[in-house]
Amino acid sequence: MVSKLRKYGPPVIVLAVFIVLWQAAVAVFDIEPYILPSPLAIASNTVSEAPRLFHHTLSTLGV
């Protein structure tokens, strides 16, 4: 368990910090979504479009 934490912990922390800073930058500098969408907007859109994305993924894979 400790070995996995040492191996995967730092990259996960760096990714989390990057996403938090990205969200903060978009909010603080009031960046337009068409220039740089926030991580929350991307996640929200991904969830709402999941069925269509899944359908197109299956088509792309030829299933």
# chains A, B, ... in the order shown; residues from 1 in each chain; ligands from 1
call {"tool": "select_by_dssp", "arguments": {"residues": "chain A", "states": "alpha helix (DSSP H)", "output": "NGL selection string"}}
result
:A and (2-28 or 39-48 or 50-61)
call {"tool": "write_last_selection", "arguments": {"atoms": "C-alpha atoms", "output": "PDB file, in the first residue's frame"}}
result
ATOM      1  CA  VAL A   2       2.750   2.456   0.937  1.00  0.00           C
ATOM      2  CA  SER A   3       4.654   1.566  -2.228  1.00  0.00           C
ATOM      3  CA  LYS A   4       1.641   2.417  -4.405  1.00  0.00           C
ATOM      4  CA  LEU A   5       1.120   5.673  -2.528  1.00  0.00           C
ATOM      5  CA  ARG A   6       4.740   6.677  -3.088  1.00  0.00           C
ATOM      6  CA  LYS A   7       4.504   5.738  -6.752  1.00  0.00           C
ATOM      7  CA  TYR A   8       1.135   7.285  -7.639  1.00  0.00           C
ATOM      8  CA  GLY A   9       0.721   9.937  -4.949  1.00  0.00           C
ATOM      9  CA  PRO A  10       2.905  12.712  -6.381  1.00  0.00           C
ATOM     10  CA  PRO A  11       1.468  12.584  -9.931  1.00  0.00           C
ATOM     11  CA  VAL A  12      -2.082  12.589  -8.561  1.00  0.00           C
ATOM     12  CA  ILE A  13      -1.287  15.575  -6.325  1.00  0.00           C
ATOM     13  CA  VAL A  14       0.320  17.493  -9.206  1.00  0.00           C
ATOM     14  CA  LEU A  15      -2.698  16.792 -11.429  1.00  0.00           C
ATOM     15  CA  ALA A  16      -5.108  17.916  -8.698  1.00  0.00           C
ATOM     16  CA  VAL A  17      -3.133  21.132  -8.107  1.00  0.00           C
ATOM     17  CA  PHE A  18      -3.063  21.815 -11.852  1.00  0.00           C
ATOM     18  CA  ILE A  19      -6.845  21.418 -12.129  1.00  0.00           C
ATOM     19  CA  VAL A  20      -7.462  23.649  -9.089  1.00  0.00           C
ATOM     20  CA  LEU A  21      -5.154  26.350 -10.476  1.00  0.00           C
ATOM     21  CA  TRP A  22      -6.816  26.086 -13.893  1.00  0.00           C
ATOM     22  CA  GLN A  23     -10.268  26.522 -12.338  1.00  0.00           C
ATOM     23  CA  ALA A  24      -9.036  29.436 -10.226  1.00  0.00           C
ATOM     24  CA  ALA A  25      -7.392  31.160 -13.198  1.00  0.00           C
ATOM     25  CA  VAL A  26     -10.550  30.912 -15.284  1.00  0.00           C
ATOM     26  CA  ALA A  27     -12.617  32.339 -12.419  1.00  0.00           C
ATOM     27  CA  VAL A  28     -10.203  35.084 -11.308  1.00  0.00           C
ATOM     28  CA  PRO A  39     -12.565  22.049 -15.745  1.00  0.00           C
ATOM     29  CA  LEU A  40     -16.009  22.112 -14.138  1.00  0.00           C
ATOM     30  CA  ALA A  41     -17.625  23.175 -17.415  1.00  0.00           C
ATOM     31  CA  ILE A  42     -15.801  20.403 -19.261  1.00  0.00           C
ATOM     32  CA  ALA A  43     -16.859  17.798 -16.688  1.00  0.00           C
ATOM     33  CA  SER A  44     -20.453  19.023 -16.712  1.00  0.00           C
ATOM     34  CA  ASN A  45     -20.644  18.927 -20.499  1.00  0.00           C
ATOM     35  CA  THR A  46     -19.054  15.477 -20.593  1.00  0.00           C
ATOM     36  CA  VAL A  47     -21.647  14.122 -18.166  1.00  0.00           C
ATOM     37  CA  SER A  48     -24.567  15.688 -20.028  1.00  0.00           C
ATOM     38  CA  ALA A  50     -22.239  10.974 -22.171  1.00  0.00           C
ATOM     39  CA  PRO A  51     -24.893   8.991 -24.083  1.00  0.00           C
ATOM     40  CA  ARG A  52     -24.009  10.660 -27.373  1.00  0.00           C
ATOM     41  CA  LEU A  53     -20.276  10.315 -26.717  1.00  0.00           C
ATOM     42  CA  PHE A  54     -20.755   6.635 -25.923  1.00  0.00           C
ATOM     43  CA  HIS A  55     -22.733   6.105 -29.140  1.00  0.00           C
ATOM     44  CA  HIS A  56     -20.061   7.794 -31.255  1.00  0.00           C
ATOM     45  CA  THR A  57     -17.310   5.895 -29.453  1.00  0.00           C
ATOM     46  CA  LEU A  58     -18.985   2.611 -30.372  1.00  0.00           C
ATOM     47  CA  SER A  59     -19.308   3.781 -33.983  1.00  0.00           C
ATOM     48  CA  THR A  60     -15.639   4.733 -34.070  1.00  0.00           C
ATOM     49  CA  LEU A  61     -14.621   1.359 -32.682  1.00  0.00           C
TER      50      LEU A  61
END
